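Visitor: I am sharing run_38.txt, which consists of compact mmCIF, C-alpha atoms and all ligand atoms:
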# COMPACT_ATOMS: atom_id res chain seq x y z
CA MET A 1 19.06 -76.82 39.76
CA LEU A 2 18.78 -73.15 38.80
CA ASP A 3 19.10 -74.15 35.15
CA GLN A 4 15.99 -76.26 35.34
CA GLN A 5 14.09 -73.74 37.39
CA LEU A 6 14.93 -71.04 34.86
CA GLU A 7 14.07 -73.19 31.91
CA SER A 8 10.67 -74.21 33.25
CA LEU A 9 9.93 -70.64 34.30
CA ALA A 10 10.81 -69.42 30.79
CA ALA A 11 8.64 -72.12 29.19
CA SER A 12 5.59 -71.54 31.41
CA THR A 13 5.88 -67.77 31.08
CA ARG A 14 6.01 -68.04 27.29
CA ASP A 15 2.81 -70.12 27.43
CA ARG A 16 1.12 -67.56 29.65
CA ILE A 17 2.18 -64.76 27.33
CA LEU A 18 0.66 -66.55 24.37
CA ALA A 19 -2.47 -67.38 26.34
CA ALA A 20 -3.03 -63.82 27.60
CA ALA A 21 -6.34 -62.56 26.25
CA THR A 22 -5.91 -58.88 27.10
CA SER A 23 -3.04 -56.49 27.43
CA ASP A 24 -3.88 -56.20 31.15
CA GLN A 25 -3.35 -59.91 31.61
CA LEU A 26 -0.10 -59.55 29.71
CA GLU A 27 1.04 -56.73 31.97
CA ALA A 28 0.25 -58.86 35.02
CA VAL A 29 2.51 -61.60 33.69
CA ARG A 30 5.27 -59.06 33.01
CA VAL A 31 5.13 -57.68 36.56
CA GLU A 32 5.04 -61.13 38.08
CA VAL A 33 8.00 -62.51 36.15
CA LEU A 34 10.08 -59.55 34.92
CA GLY A 35 9.15 -56.88 37.46
CA ARG A 36 11.57 -55.50 40.02
CA LYS A 37 10.27 -57.92 42.62
CA GLY A 38 9.44 -60.56 40.03
CA THR A 39 10.45 -64.20 39.81
CA LEU A 40 13.54 -63.50 37.73
CA ALA A 41 14.71 -60.90 40.25
CA GLU A 42 14.19 -63.48 43.01
CA ILE A 43 16.29 -65.99 41.13
CA SER A 44 19.11 -63.55 40.59
CA LYS A 45 19.15 -62.77 44.30
CA GLY A 46 20.00 -66.43 45.00
CA MET A 47 23.05 -66.20 42.73
CA GLY A 48 25.27 -64.90 45.54
CA LYS A 49 25.78 -68.41 46.79
CA LEU A 50 27.11 -69.65 43.47
CA THR A 51 30.72 -70.05 42.42
CA PRO A 52 31.99 -67.29 40.12
CA ASP A 53 31.90 -69.60 37.11
CA GLU A 54 28.38 -70.77 37.86
CA ARG A 55 27.28 -67.22 38.54
CA LYS A 56 28.57 -66.15 35.16
CA ARG A 57 26.86 -69.04 33.38
CA ILE A 58 23.57 -68.64 35.19
CA GLY A 59 23.81 -64.89 34.76
CA GLN A 60 24.05 -65.37 31.04
CA LEU A 61 21.09 -67.77 31.06
CA LEU A 62 19.10 -65.30 33.14
CA ASN A 63 19.84 -62.46 30.78
CA ALA A 64 18.96 -64.58 27.78
CA ALA A 65 15.67 -65.65 29.40
CA LYS A 66 14.89 -62.06 30.28
CA THR A 67 15.60 -60.82 26.74
CA ASN A 68 13.55 -63.63 25.20
CA LEU A 69 10.59 -63.07 27.46
CA GLU A 70 10.68 -59.32 26.89
CA ALA A 71 10.68 -59.91 23.17
CA ALA A 72 7.74 -62.33 23.49
CA LEU A 73 5.84 -59.81 25.63
CA GLU A 74 6.50 -57.04 23.16
CA SER A 75 5.35 -59.03 20.18
CA ARG A 76 2.19 -60.15 21.99
CA GLN A 77 1.57 -56.56 23.06
CA LYS A 78 1.91 -55.51 19.43
CA GLN A 79 -0.68 -58.11 18.43
CA PHE A 80 -3.13 -56.52 20.83
CA ALA A 81 -2.34 -53.04 19.52
CA ASP A 82 -2.77 -54.21 15.93
CA ALA A 83 -6.07 -55.88 16.75
CA ALA A 84 -7.33 -52.74 18.45
CA LEU A 85 -6.30 -50.64 15.49
CA ASN A 86 -7.99 -53.02 13.06
CA ALA A 87 -11.18 -53.00 15.07
CA ARG A 88 -11.16 -49.23 15.01
CA LEU A 89 -10.50 -49.08 11.27
CA GLU A 90 -13.30 -51.55 10.71
CA ALA A 91 -15.70 -49.52 12.82
CA GLU A 92 -14.78 -46.22 11.24
CA TRP A 93 -14.61 -47.45 7.67
CA ILE A 94 -16.62 -45.51 5.15
CA ASP A 95 -17.17 -46.28 1.52
CA VAL A 96 -15.98 -43.13 -0.17
CA THR A 97 -17.15 -44.44 -3.53
CA LEU A 98 -20.83 -44.41 -2.48
CA PRO A 99 -22.79 -41.76 -4.37
CA ALA A 100 -23.71 -38.72 -2.26
CA PRO A 101 -27.41 -38.44 -1.29
CA GLY A 102 -27.66 -35.22 -3.29
CA PRO A 103 -29.79 -32.18 -2.51
CA ARG A 104 -33.53 -32.68 -2.53
CA PRO A 105 -34.77 -30.45 -5.32
CA GLY A 106 -37.26 -27.85 -4.24
CA SER A 107 -40.27 -26.93 -6.32
CA LEU A 108 -42.27 -23.85 -7.09
CA HIS A 109 -45.49 -23.28 -5.23
CA PRO A 110 -48.46 -24.20 -7.47
CA LEU A 111 -49.61 -20.58 -7.32
CA THR A 112 -46.22 -19.37 -8.51
CA GLN A 113 -46.30 -21.97 -11.27
CA ILE A 114 -49.67 -20.85 -12.58
CA GLN A 115 -48.72 -17.19 -12.25
CA GLN A 116 -45.50 -17.68 -14.21
CA GLU A 117 -47.31 -19.69 -16.86
CA LEU A 118 -49.87 -16.95 -17.38
CA GLU A 119 -47.21 -14.23 -17.35
CA ASP A 120 -45.37 -16.13 -20.10
CA LEU A 121 -48.54 -16.46 -22.15
CA PHE A 122 -49.45 -12.79 -21.82
CA THR A 123 -45.92 -11.60 -22.41
CA SER A 124 -45.85 -13.60 -25.64
CA MET A 125 -49.02 -11.74 -26.67
CA GLY A 126 -47.38 -8.38 -26.05
CA VAL A 127 -49.29 -7.72 -22.84
CA ALA A 128 -47.52 -5.64 -20.17
CA VAL A 129 -47.12 -7.32 -16.79
CA LEU A 130 -47.53 -4.71 -14.05
CA ASP A 131 -46.94 -4.83 -10.36
CA GLY A 132 -48.64 -2.78 -7.67
CA PRO A 133 -48.12 -2.33 -3.93
CA GLU A 134 -49.95 -4.50 -1.43
CA VAL A 135 -50.44 -1.47 0.78
CA GLU A 136 -52.61 0.75 -1.38
CA SER A 137 -54.26 4.13 -0.98
CA GLU A 138 -57.95 4.26 -0.29
CA TYR A 139 -58.25 6.30 -3.47
CA ASN A 140 -56.69 3.68 -5.76
CA ASN A 141 -58.37 0.75 -4.08
CA PHE A 142 -61.84 2.33 -4.07
CA ASP A 143 -62.49 5.87 -5.32
CA ALA A 144 -60.66 5.64 -8.64
CA LEU A 145 -62.55 2.40 -9.29
CA ASN A 146 -65.89 4.12 -8.94
CA ILE A 147 -66.57 2.51 -5.57
CA PRO A 148 -68.46 5.19 -3.63
CA PRO A 149 -67.69 5.93 0.04
CA ASP A 150 -70.86 4.21 1.21
CA HIS A 151 -70.27 1.04 -0.80
CA PRO A 152 -70.37 -2.09 1.37
CA ALA A 153 -66.97 -3.15 -0.03
CA ARG A 154 -65.44 -0.44 2.13
CA ASP A 155 -66.94 -1.94 5.23
CA MET A 156 -64.59 -2.73 8.09
CA GLN A 157 -65.78 -6.32 7.79
CA ASP A 158 -64.12 -6.80 4.43
CA THR A 159 -61.13 -4.51 4.43
CA PHE A 160 -57.95 -4.34 6.47
CA TRP A 161 -57.60 -0.62 7.16
CA LEU A 162 -54.22 0.62 8.29
CA ALA A 163 -53.80 3.31 10.92
CA ASP A 164 -52.58 5.82 8.32
CA GLY A 165 -55.76 5.48 6.24
CA ASN A 166 -54.24 3.18 3.63
CA VAL A 167 -55.56 -0.32 3.08
CA LEU A 168 -54.19 -3.75 2.34
CA ARG A 169 -55.50 -3.90 -1.21
CA THR A 170 -58.69 -5.93 -1.37
CA HIS A 171 -58.23 -6.74 -5.06
CA THR A 172 -55.71 -6.28 -7.89
CA SER A 173 -58.03 -3.76 -9.59
CA PRO A 174 -56.11 -0.71 -8.25
CA VAL A 175 -53.30 -1.72 -10.61
CA GLN A 176 -55.74 -0.77 -13.42
CA VAL A 177 -55.56 2.77 -12.06
CA ARG A 178 -51.77 2.66 -11.97
CA GLY A 179 -51.66 1.07 -15.43
CA MET A 180 -53.77 3.80 -17.02
CA ALA A 181 -51.55 6.48 -15.49
CA LYS A 182 -48.36 4.71 -16.48
CA LEU A 183 -49.15 3.45 -19.96
CA GLY A 184 -51.95 5.66 -21.30
CA PRO A 185 -54.21 4.41 -24.09
CA PRO A 186 -54.12 2.09 -25.95
CA LEU A 187 -53.03 -0.40 -23.34
CA LEU A 188 -53.02 -4.09 -22.69
CA MET A 189 -51.91 -5.16 -19.23
CA ILE A 190 -52.17 -7.80 -16.55
CA ALA A 191 -51.33 -7.53 -12.88
CA PRO A 192 -50.98 -10.70 -10.82
CA GLY A 193 -50.69 -10.35 -7.09
CA ARG A 194 -51.64 -10.94 -3.52
CA VAL A 195 -54.79 -9.43 -2.07
CA PHE A 196 -56.31 -9.32 1.40
CA ARG A 197 -59.79 -9.53 2.89
CA ASN A 198 -60.80 -9.25 6.49
CA GLU A 199 -62.59 -12.57 6.41
CA GLU A 200 -63.35 -15.50 8.61
CA VAL A 201 -61.09 -18.29 7.36
CA ASP A 202 -62.67 -21.58 6.33
CA ALA A 203 -62.24 -24.20 3.61
CA SER A 204 -63.13 -21.73 0.88
CA HIS A 205 -62.16 -18.36 2.40
CA GLU A 206 -58.72 -17.02 3.18
CA HIS A 207 -57.72 -13.56 4.37
CA THR A 208 -54.91 -13.69 1.81
CA PHE A 209 -55.23 -14.94 -1.75
CA TYR A 210 -54.10 -14.27 -5.31
CA GLN A 211 -55.76 -12.60 -8.26
CA LEU A 212 -54.74 -11.72 -11.77
CA GLU A 213 -56.16 -8.49 -13.07
CA GLY A 214 -56.43 -7.86 -16.79
CA MET A 215 -57.24 -4.69 -18.70
CA MET A 216 -57.37 -3.71 -22.30
CA VAL A 217 -58.11 -0.19 -23.53
CA GLY A 218 -58.38 0.55 -27.23
CA ARG A 219 -60.37 2.36 -29.90
CA ASP A 220 -63.14 -0.16 -30.43
CA VAL A 221 -62.88 -2.61 -27.58
CA SER A 222 -66.20 -4.42 -27.17
CA ILE A 223 -67.71 -7.41 -25.44
CA ALA A 224 -66.77 -9.43 -28.53
CA THR A 225 -63.10 -8.41 -28.06
CA MET A 226 -63.34 -9.41 -24.44
CA LEU A 227 -64.84 -12.80 -25.24
CA TYR A 228 -62.23 -13.50 -27.89
CA PHE A 229 -59.47 -12.67 -25.43
CA MET A 230 -61.04 -14.72 -22.62
CA LYS A 231 -61.43 -17.81 -24.76
CA LEU A 232 -57.80 -17.57 -25.79
CA LEU A 233 -56.80 -17.31 -22.16
CA LEU A 234 -59.00 -20.22 -21.07
CA ARG A 235 -57.83 -22.45 -23.93
CA HIS A 236 -54.31 -21.96 -22.64
CA ILE A 237 -55.18 -22.50 -18.99
CA PHE A 238 -57.17 -25.68 -19.51
CA GLY A 239 -55.33 -26.97 -22.55
CA ARG A 240 -58.53 -27.36 -24.58
CA GLU A 241 -61.47 -25.50 -26.05
CA VAL A 242 -63.92 -24.37 -23.37
CA THR A 243 -67.48 -23.19 -23.76
CA VAL A 244 -68.25 -19.96 -21.94
CA ARG A 245 -71.32 -17.96 -21.09
CA LEU A 246 -71.81 -14.51 -19.63
CA ARG A 247 -74.24 -13.69 -16.87
CA PRO A 248 -74.84 -10.17 -15.66
CA GLY A 249 -72.83 -9.27 -12.58
CA PHE A 250 -72.39 -6.02 -10.72
CA PHE A 251 -69.06 -4.37 -10.04
CA PRO A 252 -68.88 -0.58 -9.74
CA PHE A 253 -65.86 -0.32 -12.07
CA VAL A 254 -67.45 -2.04 -15.08
CA GLU A 255 -70.57 -1.37 -17.09
CA PRO A 256 -71.93 -3.72 -18.19
CA GLY A 257 -70.45 -6.18 -15.72
CA PHE A 258 -70.52 -9.96 -16.08
CA GLU A 259 -69.79 -13.23 -14.45
CA LEU A 260 -68.07 -15.46 -16.93
CA ASP A 261 -68.92 -19.13 -16.50
CA ILE A 262 -67.30 -22.07 -18.22
CA GLN A 263 -69.07 -25.26 -19.09
CA CYS A 264 -68.12 -27.82 -16.42
CA LEU A 265 -64.92 -29.57 -17.49
CA ILE A 266 -65.75 -32.61 -15.40
CA CYS A 267 -69.18 -33.55 -16.75
CA GLY A 268 -69.20 -31.40 -19.91
CA GLY A 269 -72.66 -30.00 -19.24
CA PRO A 270 -75.21 -32.52 -17.90
CA GLY A 271 -74.33 -31.73 -14.28
CA CYS A 272 -72.21 -33.31 -11.56
CA PRO A 273 -71.20 -32.60 -7.95
CA VAL A 274 -68.33 -30.31 -9.06
CA CYS A 275 -70.66 -27.92 -10.90
CA LYS A 276 -73.37 -28.50 -8.30
CA HIS A 277 -75.44 -30.15 -11.03
CA SER A 278 -75.76 -26.93 -13.03
CA GLY A 279 -73.33 -27.84 -15.82
CA TRP A 280 -71.54 -24.50 -15.37
CA VAL A 281 -68.73 -23.27 -13.15
CA GLU A 282 -68.38 -19.61 -12.26
CA LEU A 283 -64.87 -18.59 -13.26
CA MET A 284 -64.26 -14.87 -13.40
CA PRO A 285 -65.92 -11.53 -13.20
CA CYS A 286 -65.33 -9.11 -16.04
CA GLY A 287 -66.92 -6.26 -17.96
CA LEU A 288 -66.45 -3.14 -20.00
CA VAL A 289 -64.51 -0.52 -18.10
CA HIS A 290 -66.85 2.05 -16.58
CA PRO A 291 -66.52 5.51 -18.22
CA ASN A 292 -65.91 7.03 -14.77
CA VAL A 293 -62.93 4.75 -14.27
CA LEU A 294 -61.45 5.68 -17.65
CA ARG A 295 -62.03 9.33 -16.92
CA MET A 296 -60.38 9.15 -13.51
CA GLY A 297 -57.51 7.31 -15.20
CA GLY A 298 -57.05 10.29 -17.51
CA ILE A 299 -58.57 8.53 -20.52
CA ASP A 300 -61.39 10.08 -22.58
CA PRO A 301 -64.29 7.57 -22.58
CA ASP A 302 -65.71 9.10 -25.75
CA GLU A 303 -62.58 8.11 -27.62
CA TRP A 304 -61.56 4.93 -25.85
CA SER A 305 -63.20 1.85 -24.45
CA GLY A 306 -61.91 -1.14 -22.62
CA PHE A 307 -62.57 -4.38 -20.82
CA ALA A 308 -61.25 -5.70 -17.54
CA PHE A 309 -61.34 -8.98 -15.72
CA GLY A 310 -60.32 -10.33 -12.35
CA LEU A 311 -59.13 -13.90 -12.42
CA GLY A 312 -58.95 -15.68 -9.09
CA LEU A 313 -55.56 -17.37 -9.26
CA THR A 314 -56.08 -19.18 -5.99
CA ARG A 315 -59.40 -20.56 -7.17
CA LEU A 316 -57.84 -21.54 -10.48
CA VAL A 317 -55.11 -23.54 -8.75
CA MET A 318 -57.73 -25.27 -6.63
CA MET A 319 -59.74 -26.17 -9.73
CA ARG A 320 -56.71 -27.37 -11.66
CA TYR A 321 -55.45 -29.70 -8.93
CA GLY A 322 -58.73 -30.57 -7.26
CA ILE A 323 -57.70 -28.96 -3.95
CA ASP A 324 -60.73 -28.87 -1.69
CA ASP A 325 -59.44 -26.64 1.11
CA ILE A 326 -57.96 -23.21 0.43
CA ARG A 327 -56.03 -23.33 3.72
CA HIS A 328 -53.60 -25.93 2.31
CA LEU A 329 -52.15 -23.36 -0.03
CA GLN A 330 -50.55 -21.15 2.60
CA SER A 331 -50.06 -23.81 5.25
CA GLY A 332 -46.37 -24.21 4.41
CA ASP A 333 -46.94 -27.96 4.81
CA LEU A 334 -44.19 -29.69 2.84
CA ARG A 335 -46.24 -32.86 2.44
CA PHE A 336 -48.73 -30.76 0.51
CA LEU A 337 -46.20 -28.69 -1.42
CA ARG A 338 -44.05 -31.62 -2.56
CA GLN A 339 -46.90 -32.91 -4.68
CA PHE A 340 -46.39 -30.17 -7.23
N1 LIG A 401 -61.90 -6.70 -8.28
C1 LIG A 401 -63.00 -7.65 -8.24
C2 LIG A 401 -62.93 -8.44 -6.95
O1 LIG A 401 -61.92 -8.59 -6.39
C3 LIG A 401 -62.93 -8.59 -9.39
C4 LIG A 401 -63.19 -7.94 -10.70
C5 LIG A 401 -64.47 -7.87 -11.20
C6 LIG A 401 -62.15 -7.43 -11.45
C7 LIG A 401 -64.74 -7.31 -12.42
C8 LIG A 401 -62.40 -6.84 -12.69
C9 LIG A 401 -63.72 -6.81 -13.17
O2 LIG A 401 -61.42 -6.32 -13.44
O3 LIG A 401 -63.94 -6.26 -14.37
O4 LIG A 401 -63.90 -8.95 -6.52
Would you mind writing the file's structure down as structure tokens?
Guide:
Amino acid sequence: MLDQQLESLAASTRDRILAAATSDQLEAVRVEVLGRKGTLAEISKGMGKLTPDERKRIGQLLNAAKTNLEAALESRQKQFADAALNARLEAEWIDVTLPAPGPRPGSLHPLTQIQQELEDLFTSMGVAVLDGPEVESEYNNFDALNIPPDHPARDMQDTFWLADGNVLRTHTSPVQVRGMAKLGPPLLMIAPGRVFRNEEVDASHEHTFYQLEGMMVGRDVSIATMLYFMKLLLRHIFGREVTVRLRPGFFPFVEPGFELDIQCLICGGPGCPVCKHSGWVELMPCGLVHPNVLRMGGIDPDEWSGFAFGLGLTRLVMMRYGIDDIRHLQSGDLRFLRQF
């Protein structure tokens, strides 16, 4: 009787172990059959009524059934553990042979690019590249450049005055003053840099922009020297021959002063929207250095002469890339900057 009961219990339990879908179900089977109050324990309680021989035999069968079922439970439990481990490995698997995304290369700001390009060109021509402070004395920014105290350029409207009487330089021209003092004649220098104007910001005006000052002082520097130099510079900037013209222009630090125009590179002369149908584009002011400026720079104007020009780097970048709003340049907008 007990034999059969044991045998069918063992068989049905083995089936349930195999059929268990989760380790919880498996544990439930274990408690029910092998637990301290489980079916096997119940059976062994009934063994007291058996003869010693029977008890021994059934005891052995019971033990064997218990060992077998425990082994079956353990192996099923291991299957669950393995499956869980595999699922985890699958989920956490990474392909270590995939190439890394790599750093996104940065790029130089278009203004920096054009500045470096021009510095390279001028350096190759033996021109000194000078630097000046952005906070400049009133004297260097105005007086030494022959700008009288009542000149409108000194107006509060145009200039950022600092509490100590210095200014944020309104142009790179004060570096001419520093250059004359530092180098003495003859000299050939440029000074690229940031300048500031107290201006209402719109599509074509910024309070902060970039210029490149140039100055040459020598024995017989003339307008012809200046034009030769300018054409060389422009040929490099635009990568081709450009036609220029000079119009009179007034700046206190040059005499005569000019506005240098280039023939429109878009239409080549007949007129188009870019040159406002004039065929010419105003590019940079320039002129022969005023004798007062040379004198204040410690240079004898009877012995030496010179030319100077102020190239608007910001404007040049806008022309080169067809940028129609100056505010893009200092916006820090990566969508804009990544185009260069
Ligand atoms: N400093 C002038 C400005 O910012 C530009 C300029 C004009 C510079 C004539 C020069 C020059 O060197 O000769 O408006």
Visitor: Quick one: of A:Ala163, A:Ala41, A:Val293, A:Leu73, who's nearest to Ala20 in chain A, counting only C-alpha atoms?
Guide: A:Leu73
Visitor: Which residue out of A:His277, A:Lys66, A:His171, A:Arg36 has the minimum interatomic distance to ligand LIG 401 (chain A) when all atoms listed in the file are used?
Guide: A:His171
Visitor: Counting only C-alpha atoms, what is within 7 Å of range 210-212 of chain A, bar same-chain residues fewer than 3 positions away, as a PyMOL selection string?
Guide: chain A and resi 172+190-195+310-314
Visitor: Write the residues of the selection above to a file with C-alpha atoms, as a CSV table (one decimal), keeping the file's coordinate frame.
Guide:
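result_10.csv written:
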chain,number,residue,atom,x,y,z
A,172,THR,CA,-55.7,-6.3,-7.9
A,190,ILE,CA,-52.2,-7.8,-16.6
A,191,ALA,CA,-51.3,-7.5,-12.9
A,192,PRO,CA,-51.0,-10.7,-10.8
A,193,GLY,CA,-50.7,-10.4,-7.1
A,194,ARG,CA,-51.6,-10.9,-3.5
A,195,VAL,CA,-54.8,-9.4,-2.1
A,310,GLY,CA,-60.3,-10.3,-12.4
A,311,LEU,CA,-59.1,-13.9,-12.4
A,312,GLY,CA,-59.0,-15.7,-9.1
A,313,LEU,CA,-55.6,-17.4,-9.3
A,314,THR,CA,-56.1,-19.2,-6.0
Visitor: Of the candidates A:Ile326, A:Leu62, A:Ala71, A:Gln115, which shows the shortest atom-to-atom distance to His205 in chain A, using all atoms listed in the file?
Guide: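 Smallest separation from His205 in chain A among the options: A:Ile326.
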Visitor: Do you know which residues are at most 12 Å from Asp202 in chain A counting all atoms listed in the file, after dropping those on the same chain fewer than 5 positions away, and could you put them as a compact mmCIF listing (two decimals) with C-alpha atoms, in the coordinates of the input?
Guide:
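What follows is the written file around_30.txt:
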# COMPACT_ATOMS: atom_id res chain seq x y z
CA HIS A 207 -57.72 -13.56 4.37
CA THR A 208 -54.91 -13.69 1.81
CA ASP A 324 -60.73 -28.87 -1.69
CA ASP A 325 -59.44 -26.64 1.11
CA ILE A 326 -57.96 -23.21 0.43
CA ARG A 327 -56.03 -23.33 3.72
CA HIS A 328 -53.60 -25.93 2.31
Visitor: Compile the contact shell of Val242 in chain A as a PyMOL selection string: residues with an atom at most 12 Å away, counting all atoms listed in the file, same-chain residues fewer than 5 positions apart removed.
Guide: chain A and resi 227-228+230-237+260-266+268-269+280-281+283
Visitor: Please find the residues contacting ligand LIG 401 (chain A) at a distance of at most 8 Å between atoms, with only C-alpha atoms and all ligand atoms counted, and report them as a count of residues only.
Guide: 26
Visitor: Here is a test: counting only C-alpha atoms, which residue of A:Gly249, A:Cys267, A:Met216, A:Pro185 is nearest to Glu303 in chain A?
Guide: A:Pro185
Visitor: Would you please work out which residue, of A:Asn198, A:Thr39, A:Thr243, A:Asn292, is nearest to Leu6 in chain A when using only C-alpha atoms?
Guide: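 Among the listed residues, the smallest separation from Leu6 in chain A belongs to A:Thr39.
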Visitor: List the neighbours of Phe80 in chain A out to 12 Å using all atoms listed in the file; skip same-chain residues closer than 3 positions along the sequence, and give me the result as a VMD selection string.
Guide: chain A and resid 17 to 18 20 to 27 73 to 77 83 to 87
Visitor: To one decimal place, how far is CA of Leu69 in chain A from CA of Ala10 in chain A in Å?
Guide: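 Going from CA of Leu69 in chain A over to CA of Ala10 in chain A covers 7.2 Å.
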Visitor: Which one is closest to Asp131 in chain A: A:Pro110, A:Pro186, A:Pro105, A:Gly179? Count only C-alpha atoms.
Guide: A:Gly179
Visitor: Tell me, in Å to one decimal, how far CA of Val317 in chain A is from CA of Gly239 in chain A.
Guide: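 Rounded to one decimal, the two atoms are 14.2 Å apart.
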Visitor: Show me, as a list of chain:residue names, the residues that have an atom within 9 Å of Arg338 in chain A when counting all atoms listed in the file, minus same-chain residues fewer than 4 positions from it.
Guide: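 Those residues are A:Gly106, A:Ser107, A:His109, A:Asp333, A:Leu334.
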Visitor: Can you work out the spacing between CA of Gly218 in chain A and CA of Leu316 in chain A in Å, to one decimal?
Guide: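 Spanning CA of Gly218 in chain A to CA of Leu316 in chain A is a straight-line distance of 27.7 Å.
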